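Input: a single structure, listed below in structure tokens.
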Amino acid sequence: MRTTASRDTFAWRDAGLPREIAIVCGAKRKGRVIEMLVSTKGRYALRLMVCVAQAGAEGKVALREVSEREDISLKYLEQLARPLVQAGLLRSVRGKGGGYALAQEPAAIRAGDVLRAVEGSTAPVACLDLQEGMACPRAGECTTVRFWAGLDEVIERYVDGVTLADLAGEPGLPSLPAI
């Protein structure tokens, strides 16, 4: 989840979150719900990966099929496939009847792996997402950093606790973990 101050609005600014958030926190401010965003890239990448995971024994899926099934533009899916291949989560199958297949078993690919491959980070605020060796200029005086760090831990634990096997609904697996 990337944050940029120029895209923040008043409800998100106080929470340090960008506008595209899709996971609802449930916190209210002046009658509005403050939401945390996973961008379209993250949401669509998960949908792509679940489609490929559901291919089962066939093991490969053409992006055109995913586009039709999930109502996502083919060009957008092509852009999403690149970082997923680079992260070792997806592999390209060439030749007649080619497409994309999972590079690992569905149970080994975590939702967090997919989100980080396309989003870069799942940190809820920019100050937790700084490059190594950098520090937030307000780190010494920030009274809310512990809150954001705790929220980051909860998000990381949850997205890393859900696998593609869970999302694809393979038989015999438990339901998604509770928060």
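Chains: A, B, ... in order of the structure tokens. Residues: from 1 per chain. Ligands: from 1, in order shown.
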_Shell of 12 Å around Gly150 (chain A), only C-alpha atoms, local chain residues under 4 positions omitted, as a PyMOL selection string_ = chain A and resi 123-125+128+144-146+154-157
Can I get the selection written as a PDB file, in the first residue's frame, with N, CA and C atoms?
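Wrote out-v4.pdb, looks like this:
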```pdb
ATOM      1  N   ALA A 123       2.312  -1.641   4.386  1.00  0.00           N
ATOM      2  CA  ALA A 123       2.344  -0.694   5.511  1.00  0.00           C
ATOM      3  C   ALA A 123       1.176   0.280   5.392  1.00  0.00           C
ATOM      4  N   PRO A 124       0.462   0.525   6.502  1.00  0.00           N
ATOM      5  CA  PRO A 124      -0.702   1.410   6.449  1.00  0.00           C
ATOM      6  C   PRO A 124      -0.349   2.895   6.359  1.00  0.00           C
ATOM      7  N   VAL A 125       0.883   3.259   6.708  1.00  0.00           N
ATOM      8  CA  VAL A 125       1.307   4.662   6.634  1.00  0.00           C
ATOM      9  C   VAL A 125       2.714   4.750   6.059  1.00  0.00           C
ATOM     10  N   LEU A 128       6.101   4.025   8.044  1.00  0.00           N
ATOM     11  CA  LEU A 128       6.520   2.649   8.328  1.00  0.00           C
ATOM     12  C   LEU A 128       7.105   1.978   7.095  1.00  0.00           C
ATOM     13  N   THR A 144       1.862   8.670  17.707  1.00  0.00           N
ATOM     14  CA  THR A 144       1.000   7.627  17.153  1.00  0.00           C
ATOM     15  C   THR A 144       1.761   6.494  16.472  1.00  0.00           C
ATOM     16  N   VAL A 145       3.077   6.568  16.439  1.00  0.00           N
ATOM     17  CA  VAL A 145       3.856   5.562  15.719  1.00  0.00           C
ATOM     18  C   VAL A 145       3.612   4.148  16.255  1.00  0.00           C
ATOM     19  N   ARG A 146       3.416   4.000  17.557  1.00  0.00           N
ATOM     20  CA  ARG A 146       3.153   2.674  18.126  1.00  0.00           C
ATOM     21  C   ARG A 146       1.824   2.119  17.600  1.00  0.00           C
ATOM     22  N   VAL A 154      -0.720  -6.321  12.600  1.00  0.00           N
ATOM     23  CA  VAL A 154      -1.985  -7.035  12.419  1.00  0.00           C
ATOM     24  C   VAL A 154      -2.227  -7.307  10.940  1.00  0.00           C
ATOM     25  N   ILE A 155      -2.004  -6.303  10.100  1.00  0.00           N
ATOM     26  CA  ILE A 155      -2.195  -6.465   8.656  1.00  0.00           C
ATOM     27  C   ILE A 155      -1.247  -7.536   8.124  1.00  0.00           C
ATOM     28  N   GLU A 156       0.027  -7.436   8.476  1.00  0.00           N
ATOM     29  CA  GLU A 156       1.021  -8.414   8.009  1.00  0.00           C
ATOM     30  C   GLU A 156       0.656  -9.830   8.453  1.00  0.00           C
ATOM     31  N   ARG A 157       0.278  -9.966   9.704  1.00  0.00           N
ATOM     32  CA  ARG A 157      -0.068 -11.293  10.236  1.00  0.00           C
ATOM     33  C   ARG A 157      -1.275 -11.859   9.482  1.00  0.00           C
TER      34      ARG A 157
END
```
*Quick one: everything within 12 Å of Glu68 (chain A), counting only C-alpha atoms, minus sequence neighbours fewer than 6 positions away in the same chain. Send it as a list in words.*
Leu48, Cys51, Val61, Ala62, Leu74 and Leu77 of chain A
Residues from last step as file, N, CA and C atoms, as a PDB file, in the first residue's frame:
```
ATOM      1  N   LEU A  48      -6.502 -12.551 -10.019  1.00  0.00           N
ATOM      2  CA  LEU A  48      -5.756 -13.261 -11.052  1.00  0.00           C
ATOM      3  C   LEU A  48      -5.139 -14.535 -10.484  1.00  0.00           C
ATOM      4  N   CYS A  51      -7.681 -17.250  -9.744  1.00  0.00           N
ATOM      5  CA  CYS A  51      -8.113 -17.911 -10.994  1.00  0.00           C
ATOM      6  C   CYS A  51      -7.093 -18.947 -11.435  1.00  0.00           C
ATOM      7  N   VAL A  61      -3.567 -21.010 -17.283  1.00  0.00           N
ATOM      8  CA  VAL A  61      -4.729 -20.218 -17.658  1.00  0.00           C
ATOM      9  C   VAL A  61      -4.258 -19.086 -18.546  1.00  0.00           C
ATOM     10  N   ALA A  62      -4.983 -18.830 -19.625  1.00  0.00           N
ATOM     11  CA  ALA A  62      -4.688 -17.696 -20.493  1.00  0.00           C
ATOM     12  C   ALA A  62      -5.248 -16.433 -19.835  1.00  0.00           C
ATOM     13  N   LEU A  74      -7.572  -6.997 -20.268  1.00  0.00           N
ATOM     14  CA  LEU A  74      -6.445  -7.862 -20.608  1.00  0.00           C
ATOM     15  C   LEU A  74      -5.126  -7.111 -20.461  1.00  0.00           C
ATOM     16  N   LEU A  77      -4.202  -6.943 -16.827  1.00  0.00           N
ATOM     17  CA  LEU A  77      -3.717  -8.243 -16.348  1.00  0.00           C
ATOM     18  C   LEU A  77      -2.290  -8.498 -16.808  1.00  0.00           C
TER      19      LEU A  77
END
```
*Using only C-alpha atoms, which residues sit within 12 Å of Val66 (chain A) once same-chain residues fewer than 6 positions away are excluded, as a PyMOL selection string?*
chain A and resi 44-55+60+72-78+81+99-100
Those same residues - N, CA and C atoms - I'd like them written as a PDB file, in the first residue's frame.
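Printed below is again_5.pdb as written:
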```
ATOM      1  N   TYR A  44      -6.926  -6.847  -7.948  1.00  0.00           N
ATOM      2  CA  TYR A  44      -6.966  -7.599  -9.205  1.00  0.00           C
ATOM      3  C   TYR A  44      -5.877  -8.667  -9.258  1.00  0.00           C
ATOM      4  N   ALA A  45      -4.715  -8.403  -8.673  1.00  0.00           N
ATOM      5  CA  ALA A  45      -3.643  -9.405  -8.652  1.00  0.00           C
ATOM      6  C   ALA A  45      -4.086 -10.632  -7.855  1.00  0.00           C
ATOM      7  N   LEU A  46      -4.764 -10.419  -6.734  1.00  0.00           N
ATOM      8  CA  LEU A  46      -5.274 -11.552  -5.958  1.00  0.00           C
ATOM      9  C   LEU A  46      -6.308 -12.331  -6.764  1.00  0.00           C
ATOM     10  N   ARG A  47      -7.186 -11.627  -7.460  1.00  0.00           N
ATOM     11  CA  ARG A  47      -8.191 -12.308  -8.277  1.00  0.00           C
ATOM     12  C   ARG A  47      -7.530 -13.118  -9.393  1.00  0.00           C
ATOM     13  N   LEU A  48      -6.502 -12.551 -10.019  1.00  0.00           N
ATOM     14  CA  LEU A  48      -5.756 -13.261 -11.052  1.00  0.00           C
ATOM     15  C   LEU A  48      -5.139 -14.535 -10.484  1.00  0.00           C
ATOM     16  N   MET A  49      -4.470 -14.410  -9.350  1.00  0.00           N
ATOM     17  CA  MET A  49      -3.790 -15.553  -8.760  1.00  0.00           C
ATOM     18  C   MET A  49      -4.774 -16.640  -8.307  1.00  0.00           C
ATOM     19  N   VAL A  50      -5.937 -16.241  -7.807  1.00  0.00           N
ATOM     20  CA  VAL A  50      -6.944 -17.226  -7.403  1.00  0.00           C
ATOM     21  C   VAL A  50      -7.461 -17.968  -8.637  1.00  0.00           C
ATOM     22  N   CYS A  51      -7.681 -17.250  -9.744  1.00  0.00           N
ATOM     23  CA  CYS A  51      -8.113 -17.911 -10.994  1.00  0.00           C
ATOM     24  C   CYS A  51      -7.093 -18.947 -11.435  1.00  0.00           C
ATOM     25  N   VAL A  52      -5.836 -18.592 -11.377  1.00  0.00           N
ATOM     26  CA  VAL A  52      -4.786 -19.532 -11.786  1.00  0.00           C
ATOM     27  C   VAL A  52      -4.751 -20.709 -10.812  1.00  0.00           C
ATOM     28  N   ALA A  53      -4.903 -20.441  -9.521  1.00  0.00           N
ATOM     29  CA  ALA A  53      -4.907 -21.518  -8.520  1.00  0.00           C
ATOM     30  C   ALA A  53      -6.076 -22.466  -8.750  1.00  0.00           C
ATOM     31  N   GLN A  54      -7.209 -21.941  -9.175  1.00  0.00           N
ATOM     32  CA  GLN A  54      -8.387 -22.771  -9.400  1.00  0.00           C
ATOM     33  C   GLN A  54      -8.275 -23.613 -10.666  1.00  0.00           C
ATOM     34  N   ALA A  55      -7.267 -23.355 -11.490  1.00  0.00           N
ATOM     35  CA  ALA A  55      -7.073 -24.158 -12.699  1.00  0.00           C
ATOM     36  C   ALA A  55      -6.737 -25.597 -12.337  1.00  0.00           C
ATOM     37  N   LYS A  60      -2.649 -24.221 -16.053  1.00  0.00           N
ATOM     38  CA  LYS A  60      -2.340 -22.979 -16.761  1.00  0.00           C
ATOM     39  C   LYS A  60      -3.627 -22.314 -17.238  1.00  0.00           C
ATOM     40  N   ILE A  72     -11.784  -7.968 -15.988  1.00  0.00           N
ATOM     41  CA  ILE A  72     -10.602  -7.122 -15.813  1.00  0.00           C
ATOM     42  C   ILE A  72      -9.957  -6.984 -17.189  1.00  0.00           C
ATOM     43  N   SER A  73      -9.539  -5.796 -17.544  1.00  0.00           N
ATOM     44  CA  SER A  73      -8.923  -5.573 -18.853  1.00  0.00           C
ATOM     45  C   SER A  73      -7.707  -6.468 -19.056  1.00  0.00           C
ATOM     46  N   LEU A  74      -7.572  -6.997 -20.268  1.00  0.00           N
ATOM     47  CA  LEU A  74      -6.445  -7.862 -20.608  1.00  0.00           C
ATOM     48  C   LEU A  74      -5.126  -7.111 -20.461  1.00  0.00           C
ATOM     49  N   LYS A  75      -5.082  -5.859 -20.901  1.00  0.00           N
ATOM     50  CA  LYS A  75      -3.851  -5.059 -20.780  1.00  0.00           C
ATOM     51  C   LYS A  75      -3.453  -4.894 -19.317  1.00  0.00           C
ATOM     52  N   TYR A  76      -4.433  -4.683 -18.452  1.00  0.00           N
ATOM     53  CA  TYR A  76      -4.141  -4.515 -17.025  1.00  0.00           C
ATOM     54  C   TYR A  76      -3.602  -5.814 -16.437  1.00  0.00           C
ATOM     55  N   LEU A  77      -4.202  -6.943 -16.827  1.00  0.00           N
ATOM     56  CA  LEU A  77      -3.717  -8.243 -16.348  1.00  0.00           C
ATOM     57  C   LEU A  77      -2.290  -8.498 -16.808  1.00  0.00           C
ATOM     58  N   GLU A  78      -1.968  -8.098 -18.038  1.00  0.00           N
ATOM     59  CA  GLU A  78      -0.597  -8.259 -18.538  1.00  0.00           C
ATOM     60  C   GLU A  78       0.378  -7.460 -17.686  1.00  0.00           C
ATOM     61  N   ALA A  81       0.821  -9.329 -14.348  1.00  0.00           N
ATOM     62  CA  ALA A  81       1.537 -10.607 -14.441  1.00  0.00           C
ATOM     63  C   ALA A  81       3.047 -10.414 -14.312  1.00  0.00           C
ATOM     64  N   GLY A  99      -0.093 -20.029 -21.360  1.00  0.00           N
ATOM     65  CA  GLY A  99      -0.781 -19.135 -20.440  1.00  0.00           C
ATOM     66  C   GLY A  99       0.101 -18.908 -19.226  1.00  0.00           C
ATOM     67  N   TYR A 100      -0.519 -18.863 -18.082  1.00  0.00           N
ATOM     68  CA  TYR A 100       0.209 -18.677 -16.832  1.00  0.00           C
ATOM     69  C   TYR A 100      -0.156 -19.782 -15.860  1.00  0.00           C
TER      70      TYR A 100
END
```
*Just give me the gap between CA of Ala168 (chain A) and CA of Leu84 (chain A) in Å, one decimal is fine.*
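Interatomic distance here is 17.3 Å.
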*Which residue gives the smallest distance to Asp113 (chain A) among A:Gly59, A:Thr143, A:Ser39, A:Gly88, with only C-alpha atoms counted?*
A:Gly88
*Would you list the contacts of Leu115 (chain A) as a list of chain:residue names, taking every protein, DNA or RNA residue within 7 Å and counting only C-alpha atoms, but skipping same-chain residues closer than 4 positions in sequence?*
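The contact residues come out as A:Gly42, A:Ala111, A:Glu119.
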File of the preceding selection, N, CA and C atoms, as a CSV table (one decimal), in the first residue's frame:
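Now in out-v6.csv:
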```csv
chain,number,residue,atom,x,y,z
A,42,GLY,N,-3.6,-4.5,-6.3
A,42,GLY,CA,-3.6,-5.5,-5.3
A,42,GLY,C,-4.8,-6.4,-5.3
A,111,ALA,N,-1.3,-14.4,0.5
A,111,ALA,CA,-2.0,-13.2,0.0
A,111,ALA,C,-1.0,-12.1,0.2
A,119,GLU,N,2.1,-4.2,-5.0
A,119,GLU,CA,2.0,-3.0,-4.2
A,119,GLU,C,3.3,-2.4,-3.7
```
*Quick one: of A:Gln104, A:Gln79, A:Ser67, A:Thr163, who's nearest to Lys41 (chain A), counting only C-alpha atoms?*
A:Gln79
*Would you work out the distance separating CA of Glu65 (chain A) from CA of Ala101 (chain A), expressed in Å to one decimal?*
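The value is 13.0 Å.
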_To test your reading of the structure, identify every residue in region 88-176 of chain A that backbone DSSP assigns to strand (DSSP E), and report it as a list of chain:residue names._
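Result set for region 88-176 of chain A (strand (DSSP E)): A:Leu90, A:Arg91, A:Ser92, A:Val93, A:Gly99, A:Tyr100, A:Ala101, A:Leu102.
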Restricted to N, CA and C atoms, what would the selected residues look like written as a PDB file, in the first residue's frame?
```
ATOM      1  N   LEU A  90       4.305 -16.586 -10.148  1.00  0.00           N
ATOM      2  CA  LEU A  90       3.605 -16.978 -11.365  1.00  0.00           C
ATOM      3  C   LEU A  90       4.663 -17.319 -12.404  1.00  0.00           C
ATOM      4  N   ARG A  91       4.348 -18.229 -13.314  1.00  0.00           N
ATOM      5  CA  ARG A  91       5.290 -18.521 -14.398  1.00  0.00           C
ATOM      6  C   ARG A  91       4.531 -18.543 -15.714  1.00  0.00           C
ATOM      7  N   SER A  92       5.222 -18.125 -16.759  1.00  0.00           N
ATOM      8  CA  SER A  92       4.659 -18.095 -18.096  1.00  0.00           C
ATOM      9  C   SER A  92       4.870 -19.452 -18.753  1.00  0.00           C
ATOM     10  N   VAL A  93       3.811 -19.968 -19.385  1.00  0.00           N
ATOM     11  CA  VAL A  93       3.883 -21.228 -20.111  1.00  0.00           C
ATOM     12  C   VAL A  93       3.740 -20.895 -21.584  1.00  0.00           C
ATOM     13  N   GLY A  99      -0.093 -20.029 -21.360  1.00  0.00           N
ATOM     14  CA  GLY A  99      -0.781 -19.135 -20.440  1.00  0.00           C
ATOM     15  C   GLY A  99       0.101 -18.908 -19.226  1.00  0.00           C
ATOM     16  N   TYR A 100      -0.519 -18.863 -18.082  1.00  0.00           N
ATOM     17  CA  TYR A 100       0.209 -18.677 -16.832  1.00  0.00           C
ATOM     18  C   TYR A 100      -0.156 -19.782 -15.860  1.00  0.00           C
ATOM     19  N   ALA A 101       0.827 -20.176 -15.078  1.00  0.00           N
ATOM     20  CA  ALA A 101       0.646 -21.199 -14.046  1.00  0.00           C
ATOM     21  C   ALA A 101       1.313 -20.701 -12.770  1.00  0.00           C
ATOM     22  N   LEU A 102       0.883 -21.242 -11.647  1.00  0.00           N
ATOM     23  CA  LEU A 102       1.526 -20.892 -10.385  1.00  0.00           C
ATOM     24  C   LEU A 102       2.945 -21.438 -10.391  1.00  0.00           C
TER      25      LEU A 102
END
```
